[in-house]
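Coordinates from start-v9.txt are shown below (compact mmCIF, C-alpha atoms).
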# COMPACT_ATOMS: atom_id res chain seq x y z
CA MET A 1 118.30 77.88 97.46
CA THR A 2 114.83 76.78 96.57
CA GLN A 3 113.45 77.75 93.20
CA PRO A 4 110.93 80.56 93.44
CA LYS A 5 107.37 79.34 93.02
CA ARG A 6 105.43 80.68 90.08
CA VAL A 7 102.05 82.28 90.71
CA LEU A 8 99.75 83.44 87.92
CA VAL A 9 97.62 86.38 89.09
CA ALA A 10 94.45 87.02 87.12
CA CYS A 11 91.77 89.70 87.06
CA GLY A 12 89.41 91.16 84.52
CA THR A 13 91.75 93.41 82.57
CA ALA A 14 95.17 92.68 84.11
CA ILE A 15 95.47 96.37 84.95
CA ALA A 16 94.66 97.57 88.40
CA THR A 17 93.44 94.67 90.41
CA SER A 18 96.05 92.08 89.58
CA THR A 19 98.82 94.63 90.12
CA VAL A 20 97.76 95.05 93.73
CA VAL A 21 97.18 91.33 94.23
CA ALA A 22 100.54 90.33 92.75
CA LYS A 23 102.44 92.73 94.99
CA ALA A 24 100.54 91.60 98.08
CA ILE A 25 101.28 87.95 97.30
CA GLU A 26 104.98 88.60 96.73
CA GLU A 27 105.25 90.42 100.06
CA GLY A 28 103.01 88.07 102.03
CA LEU A 29 104.83 84.97 100.80
CA ALA A 30 108.27 86.52 101.29
CA ALA A 31 107.25 87.11 104.91
CA ARG A 32 106.42 83.39 105.09
CA GLY A 33 109.80 82.43 103.69
CA ILE A 34 108.58 81.47 100.23
CA PRO A 35 110.04 83.40 97.32
CA VAL A 36 107.57 83.72 94.45
CA ILE A 37 107.55 85.07 90.93
CA THR A 38 104.22 86.45 89.76
CA ARG A 39 102.83 87.16 86.35
CA GLN A 40 99.63 89.07 85.72
CA CYS A 41 97.08 88.19 83.10
CA LYS A 42 93.46 88.60 82.16
CA ALA A 43 91.09 85.93 83.43
CA ALA A 44 90.45 84.85 79.83
CA GLU A 45 94.18 84.13 79.32
CA VAL A 46 94.46 81.78 82.30
CA PRO A 47 93.77 78.45 80.53
CA ALA A 48 96.55 79.08 77.99
CA LEU A 49 99.13 80.15 80.57
CA ALA A 50 98.37 77.93 83.57
CA LYS A 51 100.65 75.03 82.66
CA ASP A 52 103.78 77.07 83.41
CA PHE A 53 102.68 77.97 86.94
CA ASP A 54 102.33 76.36 90.37
CA LEU A 55 99.17 78.20 91.35
CA VAL A 56 96.55 80.59 90.00
CA VAL A 57 95.24 83.38 92.23
CA THR A 58 92.30 85.22 90.70
CA THR A 59 89.79 87.85 91.74
CA THR A 60 87.23 86.83 89.17
CA PRO A 61 85.95 83.40 88.11
CA VAL A 62 88.22 81.20 85.93
CA PRO A 63 87.84 77.57 84.86
CA GLN A 64 88.67 75.11 87.64
CA ASP A 65 89.95 72.25 85.45
CA LEU A 66 93.39 73.75 84.84
CA GLY A 67 95.48 70.97 86.35
CA ILE A 68 96.91 73.34 88.98
CA PRO A 69 95.34 74.76 92.13
CA VAL A 70 93.16 77.86 91.80
CA ILE A 71 92.39 80.32 94.59
CA GLN A 72 89.70 82.87 93.92
CA THR A 73 89.72 85.70 96.44
CA LEU A 74 89.10 89.40 96.95
CA ALA A 75 91.08 89.35 100.19
CA PHE A 76 94.00 91.36 98.81
CA LEU A 77 91.63 94.19 97.91
CA THR A 78 89.19 94.09 100.80
CA GLY A 79 91.45 92.77 103.55
CA ILE A 80 88.79 90.26 104.57
CA GLY A 81 90.54 86.97 105.37
CA LYS A 82 93.88 88.12 103.94
CA ASP A 83 96.14 86.30 106.42
CA GLN A 84 94.20 83.07 106.04
CA VAL A 85 94.48 83.24 102.25
CA LEU A 86 98.23 83.90 102.47
CA ASP A 87 98.57 80.89 104.79
CA GLN A 88 96.55 78.80 102.36
CA ILE A 89 98.72 79.90 99.42
CA ALA A 90 101.88 79.16 101.42
CA GLU A 91 100.62 75.68 102.24
CA ILE A 92 99.82 74.92 98.61
CA LEU A 93 103.17 76.20 97.38
CA ARG A 94 105.16 74.29 100.00
CA LYS A 95 103.71 71.07 98.62
CA ARG A 96 104.57 71.87 95.01
CA MET B 7 104.75 90.64 117.73
CA GLU B 8 107.21 89.14 115.36
CA PRO B 9 110.49 90.97 114.91
CA ALA B 10 110.94 92.86 111.70
CA ARG B 11 112.13 90.58 108.97
CA GLU B 12 115.21 91.24 107.02
CA GLY B 13 115.45 91.38 103.30
CA ARG B 14 112.34 93.35 102.56
CA GLU B 15 112.02 94.52 99.04
CA ALA B 16 113.49 97.89 98.30
CA GLY B 17 110.92 100.57 97.85
CA GLY B 18 108.09 98.71 99.53
CA GLY B 19 106.88 97.89 102.96
CA SER B 20 107.37 101.00 105.02
CA ALA B 21 103.85 100.66 106.41
CA GLY B 22 103.49 101.77 109.97
CA GLU B 23 106.29 104.27 109.83
CA GLY B 24 104.02 107.25 109.73
CA ARG B 25 103.99 109.92 107.10
CA ARG B 26 106.15 109.56 104.08
CA GLU B 27 107.49 111.78 101.40
CA PRO B 28 104.93 112.30 98.67
CA SER B 29 105.44 109.47 96.28
CA ALA B 30 105.97 110.32 92.65
CA ALA B 31 103.83 107.34 91.74
CA ALA B 32 100.95 108.53 93.86
CA GLN B 33 101.24 112.13 92.73
CA ALA B 34 101.34 111.25 89.07
CA VAL B 35 97.64 110.38 89.14
CA ALA B 36 95.46 113.47 88.83
CA LEU B 37 92.92 113.94 91.57
CA SER B 38 91.07 117.22 91.70
CA PRO B 39 87.91 118.59 93.32
CA ARG B 40 86.41 118.81 89.84
CA LEU B 41 86.62 115.04 89.65
CA VAL B 42 84.77 114.51 92.94
CA TRP B 43 81.01 114.19 93.46
CA LEU B 44 79.49 114.25 96.93
CA ARG B 45 76.20 112.42 97.49
CA MET B 46 75.51 111.98 93.79
CA LYS B 47 71.91 111.05 93.12
CA ALA B 48 71.94 108.29 90.55
CA ALA B 49 69.68 105.37 89.74
CA SER B 50 72.17 102.88 88.35
CA ALA B 51 75.82 101.96 88.05
CA GLU B 52 75.69 102.87 84.38
CA GLU B 53 74.41 106.36 85.14
CA VAL B 54 77.18 106.91 87.70
CA ILE B 55 79.86 105.72 85.30
CA ARG B 56 78.53 107.79 82.39
CA ARG B 57 78.46 110.99 84.42
CA MET B 58 81.92 110.50 85.86
CA ALA B 59 83.46 109.40 82.57
CA ALA B 60 81.97 112.40 80.75
CA ARG B 61 83.86 114.74 83.03
CA LEU B 62 87.10 112.79 82.68
CA GLU B 63 86.67 113.07 78.93
CA GLU B 64 85.90 116.82 79.04
CA ALA B 65 88.96 117.36 81.17
CA GLY B 66 91.10 115.56 78.61
CA PHE B 67 92.11 112.52 80.67
CA VAL B 68 90.41 109.85 78.59
CA ARG B 69 89.46 109.19 75.01
CA PRO B 70 85.82 109.12 73.87
CA SER B 71 86.07 105.32 73.75
CA PHE B 72 86.71 105.14 77.52
CA VAL B 73 83.12 105.20 78.75
CA GLU B 74 81.92 102.30 76.60
CA ALA B 75 85.07 100.34 77.41
CA VAL B 76 84.37 100.77 81.14
CA LEU B 77 80.72 99.78 80.76
CA GLU B 78 81.67 96.74 78.69
CA ARG B 79 84.17 95.70 81.31
CA GLU B 80 81.51 95.97 84.01
CA ARG B 81 79.37 93.61 81.94
CA THR B 82 82.07 90.98 81.52
CA ASN B 83 84.30 91.58 84.57
CA PRO B 84 82.48 93.68 87.14
CA THR B 85 84.27 95.66 89.83
CA GLY B 86 81.95 95.80 92.85
CA LEU B 87 83.89 95.02 96.04
CA PRO B 88 82.02 93.97 99.19
CA LEU B 89 84.04 95.38 102.08
CA ALA B 90 84.17 94.54 105.77
CA GLY B 91 82.00 97.48 106.86
CA GLU B 92 78.54 98.61 105.76
CA LEU B 93 79.80 100.73 102.88
CA HIS B 94 80.96 99.01 99.72
CA VAL B 95 82.95 100.32 96.78
CA ALA B 96 83.38 99.78 93.06
CA ILE B 97 86.51 100.48 91.03
CA PRO B 98 85.42 100.63 87.38
CA HIS B 99 88.27 100.96 84.87
CA ALA B 100 89.28 100.02 81.33
CA ASP B 101 92.25 99.06 79.23
CA VAL B 102 95.12 101.55 79.03
CA GLU B 103 94.53 102.37 75.35
CA HIS B 104 91.47 104.45 76.30
CA VAL B 105 93.43 106.67 78.69
CA ILE B 106 95.36 109.82 77.78
CA ALA B 107 96.64 110.80 81.25
CA PRO B 108 96.08 109.03 84.56
CA ALA B 109 93.35 110.33 86.86
CA LEU B 110 90.87 109.21 89.47
CA ALA B 111 87.26 110.34 89.66
CA VAL B 112 85.48 109.66 92.94
CA ALA B 113 81.77 109.77 93.79
CA THR B 114 79.88 109.13 96.97
CA LEU B 115 76.29 108.15 96.30
CA GLU B 116 73.19 109.51 98.02
CA ARG B 117 71.75 105.99 97.87
CA PRO B 118 73.71 102.86 97.01
CA VAL B 119 73.48 101.54 93.46
CA ALA B 120 73.97 97.91 92.49
CA PHE B 121 77.28 96.93 90.94
CA ARG B 122 77.93 93.29 90.19
CA ASN B 123 80.41 91.55 92.47
CA MET B 124 83.94 91.12 91.11
CA ALA B 125 84.20 87.70 92.74
CA ASN B 126 80.79 86.51 91.64
CA PRO B 127 79.20 88.39 88.74
CA GLU B 128 75.85 86.75 89.47
CA GLU B 129 75.61 88.67 92.74
CA THR B 130 75.26 92.40 93.19
CA VAL B 131 76.87 94.65 95.78
CA PRO B 132 75.15 97.84 97.03
CA VAL B 133 77.88 100.38 96.34
CA SER B 134 78.17 103.76 98.10
CA VAL B 135 81.58 104.92 96.87
CA VAL B 136 82.69 104.70 93.23
CA ILE B 137 86.30 105.25 92.21
CA LEU B 138 86.55 105.45 88.43
CA MET B 139 90.18 104.81 87.54
CA ALA B 140 91.82 106.05 84.37
CA LEU B 141 95.20 104.36 84.44
CA ASN B 142 97.72 104.15 81.64
CA GLU B 143 100.80 102.65 83.31
CA PRO B 144 99.57 100.58 86.25
CA HIS B 145 103.05 99.45 87.21
CA ARG B 146 104.08 103.04 87.78
CA GLN B 147 100.81 103.66 89.60
CA ILE B 148 101.20 100.70 91.94
CA GLU B 149 101.77 102.87 95.01
CA MET B 150 98.45 104.63 94.43
CA LEU B 151 96.70 101.29 93.92
CA ARG B 152 98.21 99.88 97.10
CA ARG B 153 97.05 102.88 99.06
CA LEU B 154 93.55 102.47 97.72
CA ALA B 155 93.55 98.81 98.75
CA GLU B 156 94.71 99.86 102.24
CA LEU B 157 91.86 102.34 102.37
CA PHE B 158 89.31 99.68 101.40
CA GLN B 159 90.58 97.48 104.20
CA ASP B 160 89.72 100.08 106.85
CA PRO B 161 85.95 100.57 107.28
CA ASP B 162 86.45 103.73 109.37
CA ARG B 163 88.40 105.41 106.60
CA VAL B 164 85.81 104.37 104.00
CA ARG B 165 83.15 105.89 106.27
CA ARG B 166 85.12 109.17 106.50
CA ILE B 167 85.34 109.35 102.71
CA TYR B 168 81.63 108.72 102.46
CA GLU B 169 80.83 111.43 104.99
CA ALA B 170 83.27 114.00 103.59
CA GLY B 171 81.75 117.48 103.61
CA SER B 172 83.79 118.82 100.70
CA PRO B 173 85.68 117.46 97.71
CA GLU B 174 88.92 118.58 99.35
CA GLU B 175 88.10 116.64 102.50
CA LEU B 176 87.33 113.55 100.43
CA ILE B 177 90.62 113.85 98.55
CA GLU B 178 92.48 114.26 101.83
CA GLY B 179 90.74 111.15 103.15
CA LEU B 180 91.91 109.05 100.21
CA GLY B 181 95.41 109.44 101.60
CA LEU B 182 97.09 109.39 98.21
CA ASN B 183 99.02 112.64 98.55
CA SER B 184 100.36 112.39 102.05
Translate this file's structure into structure tokens.
Amino acid sequence: MTQPKRVLVACGTAIATSTVVAKAIEEGLAARGIPVITRQCKAAEVPALAKDFDLVVTTTPVPQDLGIPVIQTLAFLTGIGKDQVLDQIAEILRKR
Amino acid sequence: MEPAREGREAGGGSAGEGRREPSAAAQAVALSPRLVWLRMKAASAEEVIRRMAARLEEAGFVRPSFVEAVLERERTNPTGLPLAGELHVAIPHADVEHVIAPALAVATLERPVAFRNMANPEETVPVSVVILMALNEPHRQIEMLRRLAELFQDPDRVRRIYEAGSPEELIEGLGLNS
């Protein structure tokens, strides 16, 4: 068993948007054979939390110098480029 | 086509299986013709939000603090979403403490108004459909949120919402109660 990867999912208020994004990532990555654990947070909380995660996925801008990869995307809300983003996330997580 | 994968999560992922039982999560969010505006004439995002929030407050769904909380959030973390088609949406909302009972208010706009882009607050998005969300327990309302995201991903469905001839038709088009 591989350890689940840890993905921090950020949006403005950690209410609606990140809930949808986190669920879509869990399902999309499970379909790619990568179990993940997600946690939601506000964009402003990302710098303090990032060190415990493998990847940040955010809908709104966050600092880039976090020491872990950051993907900023609206794909899980708009559908535009969703499969490509899931492939990109899978590739990053496979290397970590 | 790939074969169906095993081990899907319980409770999720029945997409493509046609109509489902009404979901408690989806039904728990109030959605009524009184909370729908067709072809609202408004000059700005702030005006749209103020008018919609006032009715949510009158109807007892949100606290008086809700409207300013939503406007403040738009300033710091805007909610305009550029979609694949010609019509774009915004999903203004605020922290749960401002909400008494969950509800959605929906407006189509006579002319688009500029919301700032969630992904890049320095850009604006011309928005034609505004869904003001009063949510108090987003994890219980996940099914509704997922259905909204599915709607946004289908330009034809967004177009049908925009062209709805009655509040009832718009609500039907949201697909949250089926």
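In terms of minimum interatomic distance to chain A, B:Val95 ranks closest within B:Leu44, B:Ile177, B:Val95, B:Ala59, counting all atoms listed in the file.
Nearest to Gln40 (chain A) of all the residues B:Glu52, B:Val133, B:Pro144, B:Ile97 is B:Pro144, counting all atoms listed in the file.
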Task: Separation of CA of Pro47 (chain A) from CA of Thr73 (chain A) in Å - done: 17.9 Å
TODO: Compute the set of chain A residues within 7 Å of chain B, using only C-alpha atoms, and express it as a list in words.
DONE: Gly12, Thr13, Ile15, Ala16, Thr19, Val20, Thr59, Thr60, Pro61, Thr73, Leu74, Leu77, Thr78, Gly79 and Ile80 of chain A
- [ ] Considering all atoms listed in the file, state which residue in the set B:Lys47, B:Pro132, B:Arg163, B:Ala96 is at the smallest distance from Glu175 (chain B).
- [x] B:Arg163
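Relative to CA of Glu116 (chain B), CA of Leu41 (chain B) is found at 16.8 Å.
Residues surrounding region 168-170 of chain B within 9 Å are Leu44, Arg45, Leu93, Ala113, Thr114, Leu115, Ser134, Val135, Arg163, Val164, Arg165, Arg166, Ser172, Pro173, Glu174, Glu175, Leu176, Ile177 and Gly179 of chain B [only C-alpha atoms; sequence separation below 2 positions excluded].
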TODO: Give me, please, the distance in Å between CA of Ala34 (chain B) and CA of Glu74 (chain B), quoted to one decimal.
DONE: 24.8 Å
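With all atoms listed in the file as the basis for measurement, B:Val136 is the residue among B:Thr130, B:Val42, B:Val136, B:Ala36 that approaches Val54 (chain B) most closely.
Shortest atom-to-atom contact with Ile92 (chain A) among A:Pro35, A:Pro4, A:Pro69, A:Pro63: A:Pro69, counting only C-alpha atoms.
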Task: Within 12 Å of Ile34 (chain A) using only C-alpha atoms, minus same-chain residues under 5 positions, as an MDAnalysis selection string - done: chainID A and resid 1:7 25:29 86:87 89:96
Task: Selection: 8 Å around Val57 (chain A), only C-alpha atoms, excl. self and same-chain fewer than 2 positions, as a PyMOL selection string - done: chain A and resi 7-10+55+59+70-73
